[in-house]
$ cat entry_28.cif   # mmCIF, C-alpha atoms
data_my_file
#
loop_
_atom_site.label_atom_id
_atom_site.label_comp_id
_atom_site.auth_asym_id
_atom_site.auth_seq_id
_atom_site.Cartn_x
_atom_site.Cartn_y
_atom_site.Cartn_z
CA MET R 1 0.00 0.00 0.00
CA ASP R 2 1.56 3.23 -1.19
CA GLY R 3 -0.79 5.43 0.74
CA VAL R 4 -2.73 8.49 -0.33
CA GLU R 5 -0.83 11.25 -2.07
CA VAL R 6 -1.66 14.86 -1.25
CA ILE R 7 -1.14 17.09 -4.26
CA MET R 8 -0.93 20.83 -4.78
CA PRO R 9 -4.44 21.72 -5.98
CA ARG R 10 -5.19 24.16 -8.77
CA MET R 11 -6.92 27.05 -7.01
CA GLY R 12 -7.99 28.80 -10.20
CA GLU R 13 -7.92 28.16 -13.95
CA THR R 14 -5.03 30.58 -14.40
CA VAL R 15 -3.13 29.50 -11.28
CA ASP R 16 -0.22 27.20 -12.09
CA GLU R 17 1.63 27.00 -8.77
CA GLY R 18 1.09 27.17 -5.06
CA THR R 19 3.12 27.82 -1.91
CA VAL R 20 3.02 25.79 1.28
CA ASN R 21 2.36 28.48 3.89
CA GLU R 22 2.19 26.21 6.90
CA TRP R 23 1.96 22.54 7.84
CA PHE R 24 -0.45 21.98 10.73
CA LYS R 25 0.87 18.42 11.21
CA GLN R 26 4.31 16.86 11.35
CA VAL R 27 5.65 13.63 9.92
CA GLY R 28 4.49 10.77 12.15
CA ASP R 29 1.35 12.54 13.35
CA ALA R 30 -1.97 10.72 13.19
CA VAL R 31 -4.37 12.56 10.87
CA THR R 32 -8.13 12.34 10.46
CA GLU R 33 -9.95 12.77 7.17
CA GLY R 34 -11.37 16.27 6.84
CA GLU R 35 -9.23 18.05 9.43
CA PRO R 36 -7.01 20.89 8.20
CA LEU R 37 -3.62 19.53 7.09
CA LEU R 38 -1.87 22.58 5.70
CA GLU R 39 -2.41 26.07 4.41
CA ILE R 40 -1.43 26.93 0.89
CA GLY R 41 -1.10 30.29 -0.76
CA THR R 42 -1.48 31.40 -4.37
CA ASP R 43 -1.66 34.80 -6.02
CA LYS R 44 -5.44 34.50 -5.63
CA VAL R 45 -6.08 33.15 -2.17
CA ASP R 46 -4.69 31.55 0.98
CA THR R 47 -6.67 28.48 1.98
CA GLU R 48 -6.59 25.45 4.24
CA ILE R 49 -6.41 22.03 2.64
CA PRO R 50 -8.22 19.22 4.47
CA THR R 51 -6.67 15.81 5.06
CA PRO R 52 -7.89 13.51 2.26
CA ALA R 53 -7.72 10.28 4.30
CA SER R 54 -7.25 9.12 7.86
CA GLY R 55 -3.91 7.55 8.81
CA VAL R 56 -0.40 8.69 9.57
CA LEU R 57 1.36 11.59 7.86
CA ALA R 58 4.22 9.50 6.46
CA GLU R 59 6.04 12.03 4.31
CA ILE R 60 6.18 15.77 3.76
CA ARG R 61 7.84 16.40 0.41
CA VAL R 62 7.40 20.15 0.14
CA GLY R 63 8.39 22.23 3.13
CA GLN R 64 7.02 25.45 4.52
CA GLY R 65 7.65 28.43 2.26
CA GLN R 66 8.35 26.35 -0.85
CA THR R 67 6.47 27.02 -4.10
CA VAL R 68 5.73 24.16 -6.49
CA PRO R 69 3.69 23.59 -9.69
CA VAL R 70 0.10 22.37 -9.29
CA ALA R 71 -0.28 18.57 -9.13
CA THR R 72 3.10 18.17 -7.37
CA VAL R 73 2.88 15.52 -4.63
CA ILE R 74 3.43 17.46 -1.42
CA ALA R 75 2.75 14.75 1.18
CA VAL R 76 1.85 11.09 1.61
CA ILE R 77 -0.56 9.61 4.13
CA ARG R 78 -0.34 5.91 5.00
CA PRO R 79 -2.94 3.86 6.87
CA MET D 80 -48.23 23.60 12.08
CA PRO D 81 -48.92 21.20 9.20
CA ASP D 82 -48.92 17.46 9.78
CA ALA D 83 -45.71 15.50 9.40
CA VAL D 84 -45.27 14.16 5.88
CA PRO D 85 -45.97 10.45 5.27
CA GLN D 86 -43.02 8.26 6.19
CA ALA D 87 -42.29 7.27 2.58
CA THR D 88 -41.99 10.96 1.68
CA ALA D 89 -39.84 11.64 4.73
CA LEU D 90 -37.40 8.90 3.78
CA GLU D 91 -37.32 10.23 0.23
CA LEU D 92 -36.42 13.69 1.55
CA TYR D 93 -33.71 12.20 3.76
CA ARG D 94 -32.33 10.20 0.84
CA LYS D 95 -32.16 13.26 -1.42
CA MET D 96 -30.44 15.39 1.22
CA THR D 97 -27.95 12.64 2.00
CA GLU D 98 -27.11 12.04 -1.66
CA ILE D 99 -26.59 15.75 -2.24
CA ARG D 100 -24.35 16.10 0.84
CA LEU D 101 -22.13 13.20 -0.18
CA PHE D 102 -22.04 14.25 -3.82
CA GLU D 103 -20.89 17.75 -2.89
CA LYS D 104 -18.24 16.37 -0.54
CA ARG D 105 -16.93 14.22 -3.38
CA ALA D 106 -16.99 17.15 -5.80
CA TYR D 107 -14.73 19.05 -3.39
CA ASP D 108 -12.37 16.09 -3.01
CA LEU D 109 -12.11 15.75 -6.80
CA PHE D 110 -11.37 19.47 -7.05
CA LEU D 111 -8.45 19.02 -4.65
CA GLN D 112 -7.21 16.30 -6.99
CA ASN D 113 -7.36 18.78 -9.90
CA LEU D 114 -10.00 16.70 -11.69
CA VAL D 115 -12.78 19.32 -11.71
CA LYS D 116 -12.62 21.75 -14.64
CA GLY D 117 -13.52 25.36 -14.02
CA THR D 118 -15.01 26.54 -10.77
CA THR D 119 -17.65 25.01 -8.52
CA HIS D 120 -20.06 26.50 -5.99
CA LEU D 121 -21.14 23.95 -3.43
CA GLY D 122 -24.49 23.97 -1.67
CA THR D 123 -23.39 22.09 1.44
CA GLY D 124 -25.71 23.14 4.27
CA GLN D 125 -28.49 24.19 1.88
CA GLU D 126 -29.73 20.70 0.95
CA ALA D 127 -33.10 21.07 2.66
CA VAL D 128 -34.16 23.86 0.31
CA ALA D 129 -33.51 21.90 -2.89
CA ALA D 130 -34.97 18.67 -1.50
CA GLY D 131 -38.09 20.25 0.04
CA VAL D 132 -38.98 22.36 -2.99
CA SER D 133 -38.37 19.54 -5.50
CA GLN D 134 -40.62 17.24 -3.53
CA ALA D 135 -43.46 19.76 -3.90
CA MET D 136 -43.16 20.00 -7.70
CA ALA D 137 -45.09 18.09 -10.38
CA ALA D 138 -43.17 16.00 -12.91
CA ASP D 139 -43.58 18.46 -15.78
CA ASP D 140 -43.01 21.70 -13.84
CA TYR D 141 -40.11 23.93 -14.84
CA MET D 142 -37.10 24.79 -12.72
CA PHE D 143 -34.48 27.53 -13.04
CA LEU D 144 -31.24 27.45 -11.06
CA THR D 145 -28.33 29.59 -10.03
CA TYR D 146 -24.69 28.62 -10.55
CA ARG D 147 -24.96 26.93 -7.14
CA GLY D 148 -27.24 24.34 -8.69
CA HIS D 149 -25.90 20.79 -8.23
CA ASN D 150 -28.29 20.29 -5.30
CA HIS D 151 -31.42 21.05 -7.25
CA LEU D 152 -30.66 18.82 -10.24
CA LEU D 153 -29.94 15.88 -7.99
CA ALA D 154 -33.07 16.57 -5.94
CA ARG D 155 -35.12 16.68 -9.15
CA GLY D 156 -33.82 13.26 -10.13
CA THR D 157 -31.01 13.91 -12.61
CA PRO D 158 -28.67 10.90 -12.21
CA MET D 159 -25.37 11.55 -10.45
CA THR D 160 -23.06 10.23 -13.15
CA PRO D 161 -23.80 12.81 -15.89
CA VAL D 162 -23.65 15.62 -13.33
CA MET D 163 -20.32 14.43 -11.94
CA ALA D 164 -18.97 13.83 -15.46
CA GLU D 165 -19.97 17.37 -16.39
CA LEU D 166 -17.98 18.78 -13.46
CA LEU D 167 -15.02 16.77 -14.72
CA GLY D 168 -15.52 18.11 -18.27
CA ARG D 169 -16.04 14.66 -19.77
CA GLU D 170 -17.98 13.64 -22.86
CA ASN D 171 -20.45 11.59 -20.79
CA GLY D 172 -21.39 14.75 -18.90
CA LEU D 173 -24.85 16.27 -18.94
CA MET D 174 -23.77 18.71 -21.67
CA HIS D 175 -20.91 16.59 -23.03
CA GLY D 176 -18.44 18.50 -20.89
CA LYS D 177 -19.18 21.84 -22.55
CA GLY D 178 -20.99 23.52 -19.67
CA GLY D 179 -19.36 22.60 -16.41
CA SER D 180 -20.62 23.17 -12.90
CA MET D 181 -22.14 26.59 -13.47
CA HIS D 182 -24.19 25.82 -16.59
CA LEU D 183 -26.03 22.61 -15.82
CA LEU D 184 -29.23 21.94 -17.72
CA ASP D 185 -31.59 18.98 -17.95
CA ALA D 186 -34.53 19.84 -20.20
CA SER D 187 -35.84 16.27 -19.93
CA ARG D 188 -36.70 17.07 -16.32
CA GLY D 189 -37.88 20.63 -16.96
CA ILE D 190 -34.64 22.11 -15.63
CA LEU D 191 -34.11 24.98 -18.05
CA GLY D 192 -30.66 25.91 -16.94
CA ALA D 193 -28.33 27.10 -14.23
CA TYR D 194 -27.38 30.74 -14.72
CA ALA D 195 -24.04 32.27 -13.85
CA ILE D 196 -25.26 35.84 -14.44
CA ILE D 197 -26.78 36.95 -11.14
CA GLY D 198 -30.53 37.45 -11.51
CA ALA D 199 -30.68 36.57 -15.22
CA GLN D 200 -32.78 33.47 -14.62
CA LEU D 201 -35.67 35.42 -13.06
CA VAL D 202 -36.76 37.15 -16.24
CA ILE D 203 -36.31 33.98 -18.28
CA ALA D 204 -38.38 32.04 -15.75
CA ASN D 205 -41.19 34.50 -16.43
CA GLY D 206 -40.96 33.49 -20.07
CA ALA D 207 -41.34 29.82 -19.22
CA ALA D 208 -44.30 30.60 -16.98
CA TRP D 209 -45.93 32.72 -19.68
CA SER D 210 -45.39 29.93 -22.22
CA ALA D 211 -47.15 27.41 -19.96
CA ARG D 212 -50.15 29.67 -19.72
CA TYR D 213 -50.14 30.41 -23.48
CA ARG D 214 -50.08 26.70 -24.24
CA GLY D 215 -52.87 26.08 -21.74
CA THR D 216 -50.91 23.64 -19.57
CA ASN D 217 -51.01 23.86 -15.79
CA GLN D 218 -47.23 23.73 -15.38
CA VAL D 219 -45.69 25.89 -12.67
CA THR D 220 -42.23 27.42 -12.98
CA VAL D 221 -39.98 27.40 -9.92
CA CYS D 222 -37.05 29.82 -9.98
CA PHE D 223 -34.24 29.79 -7.43
CA LEU D 224 -32.15 32.84 -6.64
CA GLY D 225 -29.59 33.83 -4.06
CA ASP D 226 -29.93 36.63 -1.54
CA GLY D 227 -27.55 38.81 -3.54
CA ALA D 228 -29.84 38.66 -6.56
CA THR D 229 -32.46 40.64 -4.66
CA ASN D 230 -30.19 43.69 -5.04
CA ILE D 231 -30.01 43.28 -8.83
CA GLY D 232 -32.28 45.23 -11.19
CA ALA D 233 -33.58 42.07 -12.86
CA PHE D 234 -35.14 41.00 -9.54
CA HIS D 235 -37.43 44.03 -9.57
CA GLU D 236 -38.19 43.73 -13.27
CA ALA D 237 -39.07 40.06 -13.00
CA LEU D 238 -41.12 40.25 -9.82
CA ASN D 239 -43.06 43.24 -11.14
CA LEU D 240 -43.88 41.62 -14.47
CA ALA D 241 -44.76 38.29 -12.84
CA ALA D 242 -47.25 40.12 -10.64
CA VAL D 243 -48.66 42.28 -13.46
CA TRP D 244 -49.17 39.22 -15.66
CA HIS D 245 -50.26 37.06 -12.73
CA LEU D 246 -47.84 34.34 -13.89
CA PRO D 247 -47.67 30.79 -12.49
CA VAL D 248 -44.14 31.25 -11.14
CA VAL D 249 -42.70 30.72 -7.66
CA PHE D 250 -39.45 32.49 -6.82
CA ILE D 251 -37.39 30.87 -4.06
CA CYS D 252 -34.72 33.09 -2.52
CA GLU D 253 -32.12 30.92 -0.80
CA ASN D 254 -30.85 33.41 1.74
CA ASN D 255 -27.53 31.86 2.78
CA GLN D 256 -26.49 35.16 4.41
CA TYR D 257 -23.68 35.99 1.99
CA MET D 258 -23.55 37.45 -1.50
CA GLU D 259 -20.17 36.03 -2.46
CA TYR D 260 -17.88 37.40 0.30
CA THR D 261 -20.21 40.13 1.56
CA ALA D 262 -22.73 39.75 4.39
CA ILE D 263 -26.10 40.45 2.78
CA GLY D 264 -27.21 42.58 5.75
CA SER D 265 -24.33 45.00 5.29
CA VAL D 266 -25.43 46.06 1.81
CA THR D 267 -29.22 45.71 1.94
CA ALA D 268 -31.77 48.31 3.05
CA VAL D 269 -34.09 45.80 4.75
CA PRO D 270 -33.38 42.89 7.11
CA ARG D 271 -35.14 40.25 5.00
CA PRO D 272 -33.80 40.76 1.46
CA ALA D 273 -36.66 38.98 -0.33
CA ALA D 274 -39.61 38.95 2.07
CA ASP D 275 -39.38 42.65 2.97
CA ARG D 276 -39.64 43.52 -0.72
CA ALA D 277 -42.63 41.27 -1.48
CA ALA D 278 -45.16 44.01 -0.72
CA SER D 279 -43.73 46.07 -3.60
CA TYR D 280 -45.31 43.53 -5.93
CA GLY D 281 -48.51 42.95 -3.97
CA LEU D 282 -47.19 39.61 -2.69
CA ASP D 283 -47.26 38.21 0.83
CA PRO D 284 -43.95 38.15 2.71
CA VAL D 285 -43.14 34.44 3.10
CA VAL D 286 -40.18 33.34 5.22
CA VAL D 287 -39.36 29.72 5.93
CA ASP D 288 -36.63 27.98 7.90
CA GLY D 289 -34.53 26.74 5.00
CA ASN D 290 -32.84 24.16 7.21
CA ASP D 291 -36.16 22.46 8.02
CA VAL D 292 -36.89 20.28 5.01
CA GLU D 293 -40.52 19.62 5.85
CA ALA D 294 -41.23 23.30 6.50
CA VAL D 295 -39.71 24.06 3.09
CA TYR D 296 -41.80 21.31 1.50
CA HIS D 297 -45.09 22.56 2.99
CA THR D 298 -44.36 26.20 2.16
CA ALA D 299 -43.37 25.37 -1.42
CA ALA D 300 -46.37 23.05 -1.87
CA THR D 301 -48.76 25.84 -0.82
CA ALA D 302 -47.20 28.39 -3.19
CA ILE D 303 -46.91 25.97 -6.12
CA GLY D 304 -50.48 24.77 -5.60
CA ALA D 305 -51.78 28.33 -5.55
CA ALA D 306 -49.84 29.23 -8.71
CA ARG D 307 -51.22 26.13 -10.45
CA ASP D 308 -54.77 27.13 -9.48
CA GLY D 309 -54.43 30.58 -11.02
CA GLY D 310 -53.41 32.38 -7.85
CA GLY D 311 -50.40 34.04 -9.45
CA PRO D 312 -46.78 34.28 -8.39
CA ALA D 313 -45.14 33.90 -4.99
CA LEU D 314 -41.83 34.88 -3.43
CA ILE D 315 -40.43 32.64 -0.70
CA GLU D 316 -37.37 33.47 1.40
CA ALA D 317 -35.73 30.31 2.72
CA VAL D 318 -33.26 31.22 5.47
CA THR D 319 -30.22 28.96 5.43
CA TYR D 320 -26.42 28.95 5.54
CA ARG D 321 -23.58 28.00 3.23
CA HIS D 322 -21.25 25.74 5.22
CA GLY D 323 -18.25 26.44 3.00
CA GLY D 324 -16.92 29.39 1.08
CA HIS D 325 -18.50 31.03 -1.94
CA SER D 326 -16.61 28.98 -4.50
CA ARG D 327 -14.07 26.19 -4.49
CA ALA D 328 -11.03 28.29 -3.60
CA ASP D 329 -12.73 30.48 -1.00
CA PRO D 330 -11.96 29.51 2.61
CA GLY D 331 -14.76 31.80 3.83
CA LYS D 332 -12.57 33.32 6.53
CA TYR D 333 -14.52 36.59 6.52
CA ARG D 334 -17.29 34.97 8.55
CA PRO D 335 -17.22 35.21 12.35
CA ASP D 336 -16.31 31.89 14.01
CA ASP D 337 -19.31 32.09 16.35
CA GLU D 338 -21.66 32.53 13.44
CA VAL D 339 -20.27 29.52 11.56
CA LYS D 340 -20.39 27.42 14.71
CA ALA D 341 -24.01 28.37 15.44
CA TRP D 342 -25.13 27.47 11.93
CA LEU D 343 -23.18 24.20 11.85
CA ALA D 344 -25.09 23.26 15.00
CA ARG D 345 -28.25 23.71 12.92
CA ASP D 346 -27.03 21.44 10.11
CA PRO D 347 -30.23 20.29 8.34
CA LEU D 348 -29.11 16.67 7.89
CA PRO D 349 -28.43 15.52 11.47
CA ALA D 350 -31.42 17.64 12.55
CA TYR D 351 -33.76 15.76 10.24
CA ARG D 352 -32.24 12.44 11.21
CA GLN D 353 -33.13 13.20 14.82
CA VAL D 354 -36.68 14.17 13.84
CA LEU D 355 -37.14 10.87 12.01
CA ILE D 356 -35.69 8.80 14.84
CA GLY D 357 -38.03 10.67 17.20
CA ARG D 358 -40.94 9.54 15.04
CA GLY D 359 -39.87 5.93 15.37
CA VAL D 360 -37.92 5.44 12.13
CA ALA D 361 -35.31 2.72 12.69
CA GLU D 362 -31.73 4.02 12.69
CA ALA D 363 -30.82 1.03 10.55
CA ALA D 364 -33.14 2.31 7.82
CA LEU D 365 -31.38 5.69 7.84
CA ASP D 366 -27.96 4.04 7.89
CA ALA D 367 -28.99 1.95 4.88
CA ILE D 368 -29.95 5.13 3.00
CA GLU D 369 -26.51 6.61 3.78
CA LYS D 370 -24.72 3.46 2.70
CA ALA D 371 -26.62 3.35 -0.59
CA ALA D 372 -25.90 7.04 -1.19
CA ARG D 373 -22.20 6.51 -0.51
CA GLU D 374 -22.13 3.66 -3.01
CA ALA D 375 -24.01 5.72 -5.58
CA VAL D 376 -21.48 8.55 -5.26
CA ASP D 377 -18.58 6.08 -5.58
CA ARG D 378 -20.18 4.57 -8.68
CA ALA D 379 -20.85 7.98 -10.24
CA THR D 380 -17.26 9.02 -9.55
CA GLU D 381 -15.85 5.94 -11.29
CA GLU D 382 -18.22 6.27 -14.25
CA ALA D 383 -17.45 9.97 -14.60
CA LYS D 384 -13.69 9.41 -14.42
CA ALA D 385 -14.00 6.67 -17.05
CA GLY D 386 -15.61 9.10 -19.50
CA PRO D 387 -13.43 10.37 -22.35
CA GLU D 388 -12.27 13.96 -22.68
CA PRO D 389 -14.53 15.70 -25.25
CA SER D 390 -13.49 15.05 -28.83
CA ILE D 391 -12.63 17.99 -31.04
CA LYS D 392 -15.68 17.15 -33.18
CA LEU D 393 -17.93 18.36 -30.35
CA ALA D 394 -16.68 21.91 -30.94
CA GLU D 395 -18.82 21.97 -34.10
CA THR D 396 -22.05 20.85 -32.43
CA ASN D 397 -24.83 22.91 -30.78
CA MET D 398 -23.77 25.94 -32.80
CA TRP D 399 -26.81 26.69 -35.01
CA ALA D 400 -24.26 27.18 -37.75
CA ASP D 401 -26.27 25.73 -40.63
CA GLY D 402 -27.05 29.22 -41.95
CA GLY D 403 -30.80 28.71 -41.63
CA HIS D 404 -33.28 30.65 -39.55
CA ALA D 405 -35.72 27.86 -38.68
CA TRP D 406 -34.65 27.99 -35.04
CA ARG D 407 -36.15 31.45 -34.72
CA ASN D 408 -39.61 30.06 -35.27
#
$ encode --input "entry_28.cif" --output "structure tokens"
Amino acid sequence: MDGVEVIMPRMGETVDEGTVNEWFKQVGDAVTEGEPLLEIGTDKVDTEIPTPASGVLAEIRVGQGQTVPVATVIAVIRP
Amino acid sequence: MPDAVPQATALELYRKMTEIRLFEKRAYDLFLQNLVKGTTHLGTGQEAVAAGVSQAMAADDYMFLTYRGHNHLLARGTPMTPVMAELLGRENGLMHGKGGSMHLLDASRGILGAYAIIGAQLVIANGAAWSARYRGTNQVTVCFLGDGATNIGAFHEALNLAAVWHLPVVFICENNQYMEYTAIGSVTAVPRPAADRAASYGLDPVVVDGNDVEAVYHTAATAIGAARDGGGPALIEAVTYRHGGHSRADPGKYRPDDEVKAWLARDPLPAYRQVLIGRGVAEAALDAIEKAAREAVDRATEEAKAGPEPSIKLAETNMWADGGHAWRN
């Protein structure tokens, strides 16, 4: 089981990248589906991204302050 | 206080609300996976309005929607798969992927469009109502609008003409407290944006708890019945709350925490579940409805994802480009 990948969402049709403003959880933390996982920022809006699945936050691949293209895998959650 | 609806109707209302809630949740998840094309406006928290009003409509009545219209199509019986596929911009979507979330339409069920121009649908709804009368049918037109639309010129034009022509049309204002990012009360001259204006058109001020599905059903049934019997138009203000932001990328942070918390405590779904349990409905029956709805949403998601991206050939369809003028007549 590879787990559930969290990707950088596209927050607008003309938005091609997003910044990780803040992680609310750390690697190893238990996470519950629906609770806020991180805040991202784009040139349009800052918004919280909910946890897509319950489990353990196994990997954070994009750290606070980093900007990446949309669809980049930014974290992995494992059961 | 009207009687409780028959149990079969109550379970139908619960099923519709549950399906809508889970569908909208999935739509948001798919957006976060970058699978939804264009924007979406979710109606989470407002399910009781769509479900209650739809239940009060006849099969051949007309319905007009806003861009926050997924709820109403599903409540009216449009299958989930073509709606979901349309959000994903796929060829098996309701409009072959050409419309997207904001422009849903299902003429086979009398749903004559979701309108992204605020207030535009009101004047067009008058046209549908006038056509029903001209053709001598007894169809009623139901037109949804948001609270913000009451501050648009077309609201006044449409309500006035509907009253002057005594049209069989029922306008339902879903007052979810916010016009986009602005609290409706901060930019409106009266406390009840729709009801307090009804007298301008000789109509009764009708306000209903939009989070009470049976209250919505009874109120809509009365207005629709009266319109069908030649009683003319009605304007209903259903007071409700949008659980999320205005559109997919809006975190809705401009709303006071206390206000959000108070409205979440009045969530129409768990509230109705408690009402039904209080009437002796088995919890297992309600759980079974939720399970079936969850499976239906999963199925619709898979079928929508399996749909092809629209072929280039579709760009040449629905264009009225044959040079003729028959469509005008």
$ residues_around --input "entry_28.cif" --residues "range 44-51 of chain R" --least-positions-apart "4" --cutoff "6 Å" --atoms "all atoms listed in the file" --output "ChimeraX atom specification"
/R:33-40 /D:330
$ closest_atom_pairs --input "entry_28.cif" --of "chain R" --to "chain D" --cutoff "7 Å" --atoms "only C-alpha atoms" --output "tab-separated table"
residue	atom	partner	partner_atom	distance
R:Ile7	CA	D:Gln112	CA	6.7
R:Pro9	CA	D:Leu111	CA	5.0
R:Arg10	CA	D:Asn113	CA	5.9
R:Met11	CA	D:Ala328	CA	5.5
R:Glu13	CA	D:Gly117	CA	6.3
R:Thr47	CA	D:Pro330	CA	5.4
R:Glu48	CA	D:Pro330	CA	6.9
$ atom_distance --input "entry_28.cif" --atom1 "CA of Tyr146 in chain D" --atom2 "CA of Met181 in chain D"
4.4 Å
$ residues_around --input "entry_28.cif" --residues "Thr380 in chain D" --least-positions-apart "2" --cutoff "12 Å" --atoms "all atoms listed in the file" --output "ChimeraX atom specification"
/D:101-106,108-109,114-115,158-167,169,171-172,373-378,382-386
$ resolve_selection --input "entry_28.cif" --expression "the PyMOL selection byres ((chain D and resi 225-240) around 7)" --output "tab-separated table (two decimals) with C-alpha atoms, keeping the file's coordinate frame"
chain	number	residue	atom	x	y	z
D	197	ILE	CA	-26.78	36.95	-11.14
D	198	GLY	CA	-30.53	37.45	-11.51
D	199	ALA	CA	-30.68	36.57	-15.22
D	201	LEU	CA	-35.67	35.42	-13.06
D	202	VAL	CA	-36.76	37.15	-16.24
D	205	ASN	CA	-41.19	34.50	-16.43
D	224	LEU	CA	-32.15	32.84	-6.64
D	241	ALA	CA	-44.76	38.29	-12.84
D	242	ALA	CA	-47.25	40.12	-10.64
D	243	VAL	CA	-48.66	42.28	-13.46
D	244	TRP	CA	-49.17	39.22	-15.66
D	252	CYS	CA	-34.72	33.09	-2.52
D	253	GLU	CA	-32.12	30.92	-0.80
D	254	ASN	CA	-30.85	33.41	1.74
D	255	ASN	CA	-27.53	31.86	2.78
D	258	MET	CA	-23.55	37.45	-1.50
D	263	ILE	CA	-26.10	40.45	2.78
D	272	PRO	CA	-33.80	40.76	1.46
D	273	ALA	CA	-36.66	38.98	-0.33
D	280	TYR	CA	-45.31	43.53	-5.93
$ decode --input "entry_28.cif" --residues "range 184-221 of chain D" --atoms "C-alpha atoms" --output "PDB file, in the first residue's frame"
ATOM      1  CA  LEU D 184     -29.228  21.944 -17.716  1.00  0.00           C
ATOM      2  CA  ASP D 185     -31.588  18.976 -17.953  1.00  0.00           C
ATOM      3  CA  ALA D 186     -34.533  19.838 -20.199  1.00  0.00           C
ATOM      4  CA  SER D 187     -35.837  16.266 -19.929  1.00  0.00           C
ATOM      5  CA  ARG D 188     -36.705  17.067 -16.315  1.00  0.00           C
ATOM      6  CA  GLY D 189     -37.877  20.626 -16.958  1.00  0.00           C
ATOM      7  CA  ILE D 190     -34.638  22.106 -15.628  1.00  0.00           C
ATOM      8  CA  LEU D 191     -34.111  24.980 -18.050  1.00  0.00           C
ATOM      9  CA  GLY D 192     -30.662  25.910 -16.937  1.00  0.00           C
ATOM     10  CA  ALA D 193     -28.327  27.102 -14.228  1.00  0.00           C
ATOM     11  CA  TYR D 194     -27.382  30.738 -14.722  1.00  0.00           C
ATOM     12  CA  ALA D 195     -24.041  32.272 -13.855  1.00  0.00           C
ATOM     13  CA  ILE D 196     -25.258  35.840 -14.437  1.00  0.00           C
ATOM     14  CA  ILE D 197     -26.775  36.948 -11.137  1.00  0.00           C
ATOM     15  CA  GLY D 198     -30.526  37.453 -11.509  1.00  0.00           C
ATOM     16  CA  ALA D 199     -30.678  36.568 -15.225  1.00  0.00           C
ATOM     17  CA  GLN D 200     -32.780  33.471 -14.615  1.00  0.00           C
ATOM     18  CA  LEU D 201     -35.670  35.415 -13.060  1.00  0.00           C
ATOM     19  CA  VAL D 202     -36.758  37.154 -16.240  1.00  0.00           C
ATOM     20  CA  ILE D 203     -36.305  33.977 -18.281  1.00  0.00           C
ATOM     21  CA  ALA D 204     -38.378  32.044 -15.749  1.00  0.00           C
ATOM     22  CA  ASN D 205     -41.190  34.499 -16.429  1.00  0.00           C
ATOM     23  CA  GLY D 206     -40.956  33.494 -20.071  1.00  0.00           C
ATOM     24  CA  ALA D 207     -41.344  29.820 -19.224  1.00  0.00           C
ATOM     25  CA  ALA D 208     -44.304  30.600 -16.976  1.00  0.00           C
ATOM     26  CA  TRP D 209     -45.927  32.716 -19.676  1.00  0.00           C
ATOM     27  CA  SER D 210     -45.391  29.932 -22.220  1.00  0.00           C
ATOM     28  CA  ALA D 211     -47.146  27.410 -19.960  1.00  0.00           C
ATOM     29  CA  ARG D 212     -50.145  29.669 -19.725  1.00  0.00           C
ATOM     30  CA  TYR D 213     -50.136  30.414 -23.477  1.00  0.00           C
ATOM     31  CA  ARG D 214     -50.084  26.698 -24.241  1.00  0.00           C
ATOM     32  CA  GLY D 215     -52.869  26.077 -21.736  1.00  0.00           C
ATOM     33  CA  THR D 216     -50.914  23.641 -19.573  1.00  0.00           C
ATOM     34  CA  ASN D 217     -51.007  23.860 -15.789  1.00  0.00           C
ATOM     35  CA  GLN D 218     -47.230  23.732 -15.382  1.00  0.00           C
ATOM     36  CA  VAL D 219     -45.695  25.892 -12.672  1.00  0.00           C
ATOM     37  CA  THR D 220     -42.232  27.425 -12.977  1.00  0.00           C
ATOM     38  CA  VAL D 221     -39.976  27.398  -9.918  1.00  0.00           C
TER      39      VAL D 221
END
